[in-house]
file input-v5.tsv (TSV, C-alpha atoms)
chain	number	residue	atom	x	y	z
C	18	GLN	CA	-117.97	-4.84	19.67
C	19	GLU	CA	-117.27	-1.83	21.85
C	20	ILE	CA	-119.82	-3.07	24.39
C	21	LYS	CA	-118.18	-6.51	24.44
C	22	ASP	CA	-114.76	-4.95	25.02
C	23	ILE	CA	-116.13	-2.91	27.89
C	24	GLU	CA	-117.72	-6.02	29.45
C	25	ALA	CA	-114.49	-8.02	29.05
C	26	GLN	CA	-112.49	-5.24	30.67
C	27	ALA	CA	-114.98	-5.06	33.54
C	28	ALA	CA	-114.67	-8.83	34.07
C	29	ARG	CA	-110.87	-8.59	34.17
C	30	ASP	CA	-111.04	-5.71	36.64
C	31	ALA	CA	-113.40	-7.69	38.88
C	32	GLU	CA	-111.11	-10.73	38.77
C	33	ARG	CA	-108.07	-8.58	39.63
C	34	ALA	CA	-109.95	-6.99	42.53
C	35	ALA	CA	-110.90	-10.44	43.89
C	36	VAL	CA	-107.25	-11.61	43.78
C	37	ASN	CA	-106.09	-8.45	45.53
C	38	ALA	CA	-108.76	-8.91	48.20
C	39	LYS	CA	-107.57	-12.48	48.88
C	40	THR	CA	-103.97	-11.33	49.17
C	41	THR	CA	-104.99	-8.59	51.59
C	42	ASP	CA	-106.99	-11.09	53.66
C	43	LYS	CA	-104.00	-13.45	53.86
C	44	LYS	CA	-101.69	-10.66	54.98
C	45	SER	CA	-104.24	-9.52	57.53
C	46	THR	CA	-104.63	-13.08	58.85
C	47	LYS	CA	-100.85	-13.52	59.18
C	48	SER	CA	-100.54	-10.17	60.92
C	49	SER	CA	-103.36	-11.06	63.31
C	50	SER	CA	-101.76	-14.45	63.99
C	51	LYS	CA	-98.40	-12.86	64.80
C	52	THR	CA	-100.08	-10.31	67.05
C	53	ALA	CA	-101.95	-13.09	68.86
C	54	GLU	CA	-98.73	-15.08	69.32
C	55	LYS	CA	-97.01	-12.04	70.84
C	56	ALA	CA	-100.00	-11.49	73.12
C	57	ASP	CA	-99.89	-15.14	74.24
C	58	ALA	CA	-96.13	-15.07	74.94
C	59	PRO	CA	-95.39	-15.42	78.68
C	60	VAL	CA	-94.45	-12.16	80.39
C	61	LEU	CA	-91.59	-12.77	82.82
C	62	ASN	CA	-90.31	-10.72	85.70
C	63	PRO	CA	-86.53	-10.43	85.17
C	64	ASP	CA	-86.03	-9.79	88.89
C	65	GLU	CA	-87.97	-12.87	90.04
C	66	LYS	CA	-86.13	-15.05	92.56
C	67	ALA	CA	-86.94	-18.66	93.43
C	68	ASP	CA	-88.57	-19.19	96.80
C	69	ALA	CA	-91.34	-21.33	98.28
C	70	ALA	CA	-94.07	-18.84	97.32
C	71	VAL	CA	-92.93	-18.58	93.69
C	72	MET	CA	-92.69	-22.37	93.39
C	73	ALA	CA	-96.20	-22.72	94.82
C	74	GLU	CA	-97.48	-20.39	92.09
C	75	ILE	CA	-95.67	-22.41	89.41
C	76	ASP	CA	-97.00	-25.71	90.80
C	77	ALA	CA	-100.54	-24.30	90.78
C	78	ALA	CA	-100.10	-23.23	87.15
C	79	PHE	CA	-98.99	-26.73	86.14
C	80	ALA	CA	-102.09	-28.13	87.85
C	81	ALA	CA	-104.42	-25.62	86.18
C	82	SER	CA	-107.45	-26.75	84.18
C	83	GLY	CA	-110.03	-25.04	82.01
C	84	LYS	CA	-109.73	-22.57	79.15
C	85	ASP	CA	-106.78	-20.69	80.69
C	86	ALA	CA	-104.78	-23.82	81.54
C	87	ALA	CA	-102.58	-23.73	78.41
C	88	ALA	CA	-101.52	-20.13	79.00
C	89	ALA	CA	-100.88	-20.83	82.71
C	90	LYS	CA	-98.72	-23.86	81.90
C	91	ALA	CA	-96.80	-21.96	79.21
C	92	ASN	CA	-96.04	-19.26	81.78
C	93	ALA	CA	-94.96	-21.90	84.32
C	94	VAL	CA	-92.59	-23.49	81.80
C	95	ALA	CA	-91.05	-20.12	80.96
C	96	ARG	CA	-90.63	-19.23	84.63
C	97	LEU	CA	-88.92	-22.55	85.40
C	98	GLY	CA	-86.52	-21.98	82.52
C	99	ALA	CA	-85.76	-18.46	83.72
C	100	LEU	CA	-85.08	-19.78	87.25
C	101	ALA	CA	-82.88	-22.65	86.00
C	102	ALA	CA	-79.94	-21.63	88.22
C	103	ALA	CA	-82.03	-22.25	91.35
C	104	THR	CA	-81.30	-25.98	91.29
C	105	PRO	CA	-82.85	-26.97	94.66
C	106	PHE	CA	-86.18	-25.48	93.54
C	107	VAL	CA	-86.36	-26.33	89.84
C	108	LEU	CA	-84.63	-29.71	89.44
C	109	PRO	CA	-87.28	-31.62	91.47
C	110	ARG	CA	-89.89	-30.17	89.08
C	111	LEU	CA	-88.30	-31.69	86.00
C	112	GLU	CA	-90.98	-34.39	85.86
C	113	LYS	CA	-93.63	-31.66	85.47
C	114	LEU	CA	-91.85	-30.61	82.28
C	115	VAL	CA	-91.62	-34.24	81.11
C	116	SER	CA	-95.40	-34.49	81.34
C	117	LEU	CA	-95.65	-31.72	78.71
C	118	PHE	CA	-93.11	-33.10	76.21
C	119	ALA	CA	-95.84	-34.57	73.99
C	120	ASP	CA	-97.89	-31.35	73.92
C	121	SER	CA	-98.06	-29.82	70.42
C	122	LYS	CA	-97.53	-26.25	71.67
C	123	LEU	CA	-95.77	-26.65	75.02
C	124	GLY	CA	-93.53	-29.61	74.13
C	125	ALA	CA	-90.65	-27.68	72.55
C	126	PRO	CA	-90.51	-24.98	75.29
C	127	ALA	CA	-90.68	-27.70	77.96
C	128	VAL	CA	-87.74	-29.61	76.41
C	129	LYS	CA	-85.73	-26.38	76.16
C	130	ALA	CA	-86.46	-25.53	79.80
C	131	ALA	CA	-85.51	-29.05	80.91
C	132	CYS	CA	-82.16	-28.88	79.08
C	133	THR	CA	-81.49	-25.43	80.55
C	134	ILE	CA	-82.19	-26.68	84.07
C	135	VAL	CA	-79.86	-29.67	83.69
C	136	GLU	CA	-77.09	-27.56	82.14
C	137	ALA	CA	-77.34	-25.04	85.01
C	138	VAL	CA	-77.25	-27.59	87.85
C	139	GLN	CA	-75.35	-26.34	90.89
C	140	PRO	CA	-73.13	-27.76	92.29
C	141	ALA	CA	-72.24	-28.97	88.80
C	142	GLY	CA	-73.31	-32.54	88.15
C	143	HIS	CA	-74.97	-33.05	91.52
C	144	GLY	CA	-78.57	-34.27	91.62
C	145	VAL	CA	-78.56	-35.34	87.99
C	146	ALA	CA	-78.28	-39.07	88.77
C	147	ALA	CA	-80.70	-38.95	91.69
C	148	ILE	CA	-83.44	-36.75	90.19
C	149	ALA	CA	-83.06	-35.98	86.48
C	150	VAL	CA	-82.09	-39.41	85.12
C	151	PRO	CA	-84.89	-41.36	86.92
C	152	ALA	CA	-87.48	-38.83	85.68
C	153	LEU	CA	-86.24	-39.16	82.09
C	154	LEU	CA	-86.02	-42.97	82.18
C	155	ALA	CA	-89.59	-43.08	83.51
C	156	GLY	CA	-90.63	-40.75	80.66
C	157	MET	CA	-89.09	-43.15	78.15
C	158	GLU	CA	-91.72	-45.70	79.23
C	159	ASP	CA	-94.49	-43.40	78.01
C	160	LYS	CA	-96.50	-44.58	75.00
C	161	LYS	CA	-96.30	-41.17	73.30
C	162	TRP	CA	-93.37	-41.10	70.88
C	163	LYS	CA	-92.72	-37.39	71.42
C	164	THR	CA	-92.28	-37.94	75.14
C	165	LYS	CA	-89.83	-40.80	74.50
C	166	ALA	CA	-87.79	-38.87	71.95
C	167	SER	CA	-87.67	-35.74	74.10
C	168	CYS	CA	-86.60	-37.65	77.23
C	169	ILE	CA	-83.77	-39.23	75.24
C	170	GLU	CA	-82.77	-35.78	73.95
C	171	VAL	CA	-82.56	-34.36	77.50
C	172	LEU	CA	-80.31	-37.27	78.52
C	173	SER	CA	-77.47	-35.66	76.53
C	174	PRO	CA	-76.89	-32.71	78.89
C	175	CYS	CA	-77.27	-35.13	81.82
C	176	LEU	CA	-74.42	-37.26	80.48
C	177	ARG	CA	-72.22	-34.22	79.91
C	178	GLN	CA	-72.83	-32.93	83.43
C	179	MET	CA	-72.00	-36.26	85.04
C	180	GLY	CA	-69.09	-37.03	82.71
C	181	GLU	CA	-67.38	-33.72	83.44
C	182	HIS	CA	-68.20	-33.26	87.13
C	183	THR	CA	-69.49	-36.46	88.79
C	184	PRO	CA	-68.00	-39.53	87.05
C	185	ALA	CA	-69.01	-41.78	89.95
C	186	GLN	CA	-72.66	-40.88	89.35
C	187	LEU	CA	-72.18	-41.52	85.66
C	188	ALA	CA	-70.86	-44.98	86.52
C	189	SER	CA	-74.04	-45.74	88.46
C	190	CYS	CA	-76.36	-44.44	85.74
C	191	LEU	CA	-74.93	-45.92	82.54
C	192	PRO	CA	-75.98	-49.53	83.32
C	193	LEU	CA	-79.54	-48.17	83.58
C	194	ILE	CA	-79.39	-45.86	80.57
C	195	VAL	CA	-77.71	-48.04	77.93
C	196	PRO	CA	-80.25	-50.93	78.02
C	197	LYS	CA	-83.09	-48.38	77.66
C	198	LEU	CA	-81.35	-46.86	74.66
C	199	ALA	CA	-80.87	-50.32	73.13
C	200	GLU	CA	-84.64	-50.81	73.40
C	201	ALA	CA	-85.31	-47.35	71.94
C	202	ALA	CA	-83.12	-48.18	68.92
C	203	LEU	CA	-85.79	-50.73	67.92
C	204	GLU	CA	-88.61	-48.16	67.88
C	205	VAL	CA	-90.52	-47.55	64.65
C	206	ARG	CA	-90.38	-43.74	64.84
C	207	ALA	CA	-87.31	-42.29	63.13
C	208	GLU	CA	-87.28	-39.38	65.62
C	209	ILE	CA	-86.73	-41.78	68.52
C	210	ARG	CA	-83.98	-43.67	66.70
C	211	THR	CA	-82.23	-40.41	65.75
C	212	ALA	CA	-82.28	-39.15	69.35
C	213	THR	CA	-81.04	-42.54	70.54
C	214	GLY	CA	-78.10	-42.53	68.13
C	215	ALA	CA	-77.07	-39.05	69.31
C	216	VAL	CA	-77.04	-40.09	72.98
C	217	LEU	CA	-75.16	-43.31	72.23
C	218	ARG	CA	-72.51	-41.22	70.48
C	219	GLU	CA	-72.30	-39.07	73.63
C	220	ILE	CA	-71.61	-42.21	75.64
C	221	GLY	CA	-69.06	-43.36	73.07
C	222	ALA	CA	-67.21	-40.06	73.50
C	223	LEU	CA	-66.98	-40.67	77.27
C	224	VAL	CA	-65.09	-43.95	76.83
C	225	ALA	CA	-61.61	-43.89	78.36
C	226	SER	CA	-60.42	-47.46	77.78
C	227	PRO	CA	-58.07	-47.32	74.75
C	228	GLU	CA	-59.10	-50.80	73.60
C	229	ILE	CA	-62.81	-49.94	73.66
C	230	LYS	CA	-62.31	-46.39	72.43
C	231	LYS	CA	-61.04	-47.48	69.03
C	232	LEU	CA	-64.15	-49.65	68.67
C	233	SER	CA	-66.57	-47.20	70.31
C	234	GLN	CA	-68.11	-45.76	67.13
C	235	GLU	CA	-68.58	-49.22	65.64
C	236	LEU	CA	-70.21	-50.35	68.89
C	237	VAL	CA	-72.48	-47.30	68.84
C	238	THR	CA	-73.52	-48.12	65.28
C	239	ALA	CA	-74.25	-51.70	66.29
C	240	LEU	CA	-76.50	-50.50	69.12
C	241	ALA	CA	-78.17	-47.78	67.05
C	242	GLU	CA	-78.77	-50.13	64.09
C	243	PRO	CA	-79.58	-53.50	65.70
C	244	THR	CA	-81.05	-54.90	62.48
C	245	ASN	CA	-77.68	-54.58	60.70
C	246	GLN	CA	-76.57	-58.08	61.63
C	247	LYS	CA	-73.52	-58.05	59.36
C	248	HIS	CA	-72.06	-55.05	61.17
C	249	THR	CA	-73.00	-56.41	64.60
C	250	GLN	CA	-71.29	-59.74	63.92
C	251	SER	CA	-68.19	-57.91	62.69
C	252	VAL	CA	-67.99	-55.82	65.87
C	253	LEU	CA	-68.49	-58.87	68.08
C	254	ALA	CA	-65.66	-60.64	66.26
C	255	LYS	CA	-63.36	-57.65	66.81
C	256	MET	CA	-64.32	-57.56	70.50
C	257	GLY	CA	-63.61	-61.26	70.83
C	258	ASN	CA	-60.14	-60.87	69.31
C	259	GLN	CA	-59.26	-57.82	71.44
C	260	THR	CA	-56.71	-58.14	74.23
C	261	PHE	CA	-57.55	-55.82	77.13
C	262	LEU	CA	-54.52	-54.39	78.93
C	263	SER	CA	-56.13	-51.35	80.57
C	264	LEU	CA	-58.69	-50.77	83.29
C	265	ILE	CA	-62.21	-50.72	81.82
C	266	ASP	CA	-64.07	-47.61	82.99
C	267	PRO	CA	-67.87	-47.56	83.55
C	268	ALA	CA	-68.63	-45.91	80.19
C	269	SER	CA	-66.57	-48.53	78.37
C	270	LEU	CA	-68.18	-51.39	80.29
C	271	SER	CA	-71.69	-50.14	79.55
call {"tool": "encode", "arguments": {"input": "input-v5.tsv", "output": "structure tokens"}}
result
Amino acid sequence: QEIKDIEAQAARDAERAAVNAKTTDKKSTKSSSKTAEKADAPVLNPDEKADAAVMAEIDAAFAASGKDAAAAKANAVARLGALAAATPFVLPRLEKLVSLFADSKLGAPAVKAACTIVEAVQPAGHGVAAIAVPALLAGMEDKKWKTKASCIEVLSPCLRQMGEHTPAQLASCLPLIVPKLAEAALEVRAEIRTATGAVLREIGALVASPEIKKLSQELVTALAEPTNQKHTQSVLAKMGNQTFLSLIDPASLS
């Protein structure tokens, strides 16, 4: 009996040692993973200024191929984001960021950099309609759902910039943007529909016409949920019965 007890105790000790070894391995793996992530993080020069030479380096990094391409592109994305205030240099490179929106690792940093660039545009609002919006609308044509959803997401800061600083440019863009959003509202992916609804609400907030403003949220819902025919018919009936006494601004008309 004593021998059996000793063997049972030895078995329990071995089992406990195996569990402890697994736990140690997991901790070691997590620690190694975190260390690797820190090592892979782009190292930026805080004193870097945008000029032709710097932009040439960034362009070359975006065009990189081979085993070091991912790290080079990650560094290029980070550098563009850090140089966001240099609008003449970085805004024309927005489409390079759009091309990375669907990337599993670089997508989120690229979207963040794109939003930062648009928000930092100088002079405020200028260049958004001519450069940023066309690049994003072209990206919405991409077959990858992540690219579509991300392009729609970056439209939000574009709308805010134009709405606050260049309303004439907003007027020229909305007739192009709203039909694209109406198409996006029919997409299967929930992520695309969610992003679309958020941007439509941004447009609804820009409405100035008092007659349209009181219906704006219902109109946004009708566009964001095109399959809800009952709601759509109700909004159309309200529109048909509305008497317009004020000037209809571009946001309202769109």
call {"tool": "residues_around", "arguments": {"input": "input-v5.tsv", "residues": "C:Lys122", "least_positions_apart": "5", "cutoff": "10 Å", "atoms": "only C-alpha atoms", "output": "JSON, numbers by chain"}}
result
{"C": [87, 91, 117, 127]}
call {"tool": "residues_near_point", "arguments": {"input": "input-v5.tsv", "point": "(-94.0, -27.8, 75.6)", "cutoff": "12 Å", "atoms": "all atoms listed in the file", "output": "JSON, numbers by chain"}}
result
{"C": [79, 87, 88, 90, 91, 92, 93, 94, 95, 98, 113, 114, 115, 116, 117, 118, 119, 120, 121, 122, 123, 124, 125, 126, 127, 128, 129, 130, 131, 163, 164, 167]}
call {"tool": "atom_distance", "arguments": {"input": "input-v5.tsv", "atom1": "atom CA of C:Cys168", "atom2": "atom CA of C:Leu153"}}
result
5.1 Å
call {"tool": "atom_distance", "arguments": {"input": "input-v5.tsv", "atom1": "atom CA of C:Gly142", "atom2": "atom CA of C:Glu235"}}
result
28.4 Å
call {"tool": "closest_atom_pairs", "arguments": {"input": "input-v5.tsv", "of": "stretch 134-188 of chain C", "to": "stretch 212-229 of chain C", "cutoff": "8 Å", "atoms": "only C-alpha atoms", "output": "Markdown table"}}
result
| residue | atom | partner | partner_atom | distance |
| --- | --- | --- | --- | --- |
| C:Ala166 | CA | C:Ala212 | CA | 6.1 |
| C:Ser167 | CA | C:Ala212 | CA | 8.0 |
| C:Ile169 | CA | C:Ala212 | CA | 6.1 |
| C:Glu170 | CA | C:Ala212 | CA | 5.7 |
| C:Leu172 | CA | C:Val216 | CA | 7.0 |
| C:Ser173 | CA | C:Val216 | CA | 5.7 |
| C:Leu176 | CA | C:Glu219 | CA | 7.4 |
| C:Arg177 | CA | C:Glu219 | CA | 7.9 |
| C:Gly180 | CA | C:Leu223 | CA | 6.9 |
call {"tool": "closest_atom_pairs", "arguments": {"input": "input-v5.tsv", "of": "stretch 139-209 of chain C", "to": "stretch 108-112 of chain C", "cutoff": "7 Å", "atoms": "only C-alpha atoms", "output": "Markdown table"}}
result
| residue | atom | partner | partner_atom | distance |
| --- | --- | --- | --- | --- |
| C:Ile148 | CA | C:Pro109 | CA | 6.5 |
| C:Ala149 | CA | C:Leu111 | CA | 6.8 |
| C:Ala152 | CA | C:Glu112 | CA | 5.7 |
call {"tool": "build_atoms", "arguments": {"input": "input-v5.tsv", "residues": "stretch 210-238 of chain C", "atoms": "N, CA and C atoms", "output": "PDB file, keeping the file's coordinate frame"}}
result
ATOM      1  N   ARG C 210     -85.249 -43.033  67.060  1.00  0.00           N
ATOM      2  CA  ARG C 210     -83.980 -43.670  66.700  1.00  0.00           C
ATOM      3  C   ARG C 210     -82.867 -42.629  66.519  1.00  0.00           C
ATOM      4  N   THR C 211     -83.217 -41.485  65.944  1.00  0.00           N
ATOM      5  CA  THR C 211     -82.230 -40.410  65.750  1.00  0.00           C
ATOM      6  C   THR C 211     -81.728 -39.886  67.087  1.00  0.00           C
ATOM      7  N   ALA C 212     -82.656 -39.628  68.011  1.00  0.00           N
ATOM      8  CA  ALA C 212     -82.280 -39.150  69.350  1.00  0.00           C
ATOM      9  C   ALA C 212     -81.425 -40.188  70.075  1.00  0.00           C
ATOM     10  N   THR C 213     -81.787 -41.461  69.902  1.00  0.00           N
ATOM     11  CA  THR C 213     -81.040 -42.540  70.540  1.00  0.00           C
ATOM     12  C   THR C 213     -79.603 -42.603  70.029  1.00  0.00           C
ATOM     13  N   GLY C 214     -79.439 -42.509  68.718  1.00  0.00           N
ATOM     14  CA  GLY C 214     -78.100 -42.530  68.130  1.00  0.00           C
ATOM     15  C   GLY C 214     -77.231 -41.394  68.651  1.00  0.00           C
ATOM     16  N   ALA C 215     -77.824 -40.202  68.822  1.00  0.00           N
ATOM     17  CA  ALA C 215     -77.070 -39.050  69.310  1.00  0.00           C
ATOM     18  C   ALA C 215     -76.576 -39.279  70.738  1.00  0.00           C
ATOM     19  N   VAL C 216     -77.434 -39.841  71.587  1.00  0.00           N
ATOM     20  CA  VAL C 216     -77.040 -40.090  72.980  1.00  0.00           C
ATOM     21  C   VAL C 216     -75.996 -41.211  73.062  1.00  0.00           C
ATOM     22  N   LEU C 217     -76.158 -42.229  72.245  1.00  0.00           N
ATOM     23  CA  LEU C 217     -75.160 -43.310  72.230  1.00  0.00           C
ATOM     24  C   LEU C 217     -73.785 -42.780  71.812  1.00  0.00           C
ATOM     25  N   ARG C 218     -73.787 -41.836  70.875  1.00  0.00           N
ATOM     26  CA  ARG C 218     -72.510 -41.220  70.480  1.00  0.00           C
ATOM     27  C   ARG C 218     -71.900 -40.415  71.626  1.00  0.00           C
ATOM     28  N   GLU C 219     -72.780 -39.788  72.436  1.00  0.00           N
ATOM     29  CA  GLU C 219     -72.300 -39.070  73.630  1.00  0.00           C
ATOM     30  C   GLU C 219     -71.594 -40.046  74.571  1.00  0.00           C
ATOM     31  N   ILE C 220     -72.206 -41.205  74.756  1.00  0.00           N
ATOM     32  CA  ILE C 220     -71.610 -42.210  75.640  1.00  0.00           C
ATOM     33  C   ILE C 220     -70.306 -42.716  75.044  1.00  0.00           C
ATOM     34  N   GLY C 221     -70.281 -42.915  73.729  1.00  0.00           N
ATOM     35  CA  GLY C 221     -69.060 -43.360  73.070  1.00  0.00           C
ATOM     36  C   GLY C 221     -67.913 -42.384  73.269  1.00  0.00           C
ATOM     37  N   ALA C 222     -68.246 -41.076  73.309  1.00  0.00           N
ATOM     38  CA  ALA C 222     -67.210 -40.060  73.500  1.00  0.00           C
ATOM     39  C   ALA C 222     -66.673 -40.055  74.931  1.00  0.00           C
ATOM     40  N   LEU C 223     -67.412 -40.647  75.868  1.00  0.00           N
ATOM     41  CA  LEU C 223     -66.980 -40.670  77.270  1.00  0.00           C
ATOM     42  C   LEU C 223     -66.047 -41.844  77.568  1.00  0.00           C
ATOM     43  N   VAL C 224     -65.911 -42.751  76.616  1.00  0.00           N
ATOM     44  CA  VAL C 224     -65.090 -43.950  76.830  1.00  0.00           C
ATOM     45  C   VAL C 224     -63.628 -43.581  77.029  1.00  0.00           C
ATOM     46  N   ALA C 225     -63.010 -44.165  78.063  1.00  0.00           N
ATOM     47  CA  ALA C 225     -61.610 -43.890  78.360  1.00  0.00           C
ATOM     48  C   ALA C 225     -60.694 -45.059  78.007  1.00  0.00           C
ATOM     49  N   SER C 226     -61.230 -46.267  78.075  1.00  0.00           N
ATOM     50  CA  SER C 226     -60.420 -47.460  77.780  1.00  0.00           C
ATOM     51  C   SER C 226     -59.911 -47.401  76.338  1.00  0.00           C
ATOM     52  N   PRO C 227     -58.597 -47.435  76.119  1.00  0.00           N
ATOM     53  CA  PRO C 227     -58.070 -47.320  74.750  1.00  0.00           C
ATOM     54  C   PRO C 227     -58.513 -48.464  73.839  1.00  0.00           C
ATOM     55  N   GLU C 228     -58.689 -49.655  74.408  1.00  0.00           N
ATOM     56  CA  GLU C 228     -59.100 -50.800  73.600  1.00  0.00           C
ATOM     57  C   GLU C 228     -60.543 -50.642  73.110  1.00  0.00           C
ATOM     58  N   ILE C 229     -61.404 -50.136  74.017  1.00  0.00           N
ATOM     59  CA  ILE C 229     -62.810 -49.940  73.660  1.00  0.00           C
ATOM     60  C   ILE C 229     -62.985 -48.677  72.829  1.00  0.00           C
ATOM     61  N   LYS C 230     -62.164 -47.678  73.117  1.00  0.00           N
ATOM     62  CA  LYS C 230     -62.310 -46.390  72.430  1.00  0.00           C
ATOM     63  C   LYS C 230     -62.175 -46.519  70.916  1.00  0.00           C
ATOM     64  N   LYS C 231     -61.232 -47.340  70.479  1.00  0.00           N
ATOM     65  CA  LYS C 231     -61.040 -47.480  69.030  1.00  0.00           C
ATOM     66  C   LYS C 231     -62.180 -48.245  68.369  1.00  0.00           C
ATOM     67  N   LEU C 232     -62.989 -48.939  69.199  1.00  0.00           N
ATOM     68  CA  LEU C 232     -64.150 -49.650  68.670  1.00  0.00           C
ATOM     69  C   LEU C 232     -65.472 -48.937  69.007  1.00  0.00           C
ATOM     70  N   SER C 233     -65.365 -47.826  69.751  1.00  0.00           N
ATOM     71  CA  SER C 233     -66.570 -47.200  70.310  1.00  0.00           C
ATOM     72  C   SER C 233     -67.596 -46.812  69.247  1.00  0.00           C
ATOM     73  N   GLN C 234     -67.152 -46.188  68.154  1.00  0.00           N
ATOM     74  CA  GLN C 234     -68.110 -45.760  67.130  1.00  0.00           C
ATOM     75  C   GLN C 234     -68.760 -46.941  66.421  1.00  0.00           C
ATOM     76  N   GLU C 235     -67.997 -48.011  66.241  1.00  0.00           N
ATOM     77  CA  GLU C 235     -68.580 -49.220  65.640  1.00  0.00           C
ATOM     78  C   GLU C 235     -69.589 -49.857  66.596  1.00  0.00           C
ATOM     79  N   LEU C 236     -69.281 -49.809  67.895  1.00  0.00           N
ATOM     80  CA  LEU C 236     -70.210 -50.350  68.890  1.00  0.00           C
ATOM     81  C   LEU C 236     -71.491 -49.511  68.936  1.00  0.00           C
ATOM     82  N   VAL C 237     -71.316 -48.190  68.846  1.00  0.00           N
ATOM     83  CA  VAL C 237     -72.480 -47.300  68.840  1.00  0.00           C
ATOM     84  C   VAL C 237     -73.363 -47.598  67.638  1.00  0.00           C
ATOM     85  N   THR C 238     -72.754 -47.792  66.490  1.00  0.00           N
ATOM     86  CA  THR C 238     -73.520 -48.120  65.280  1.00  0.00           C
ATOM     87  C   THR C 238     -74.268 -49.433  65.443  1.00  0.00           C
TER      88      THR C 238
END
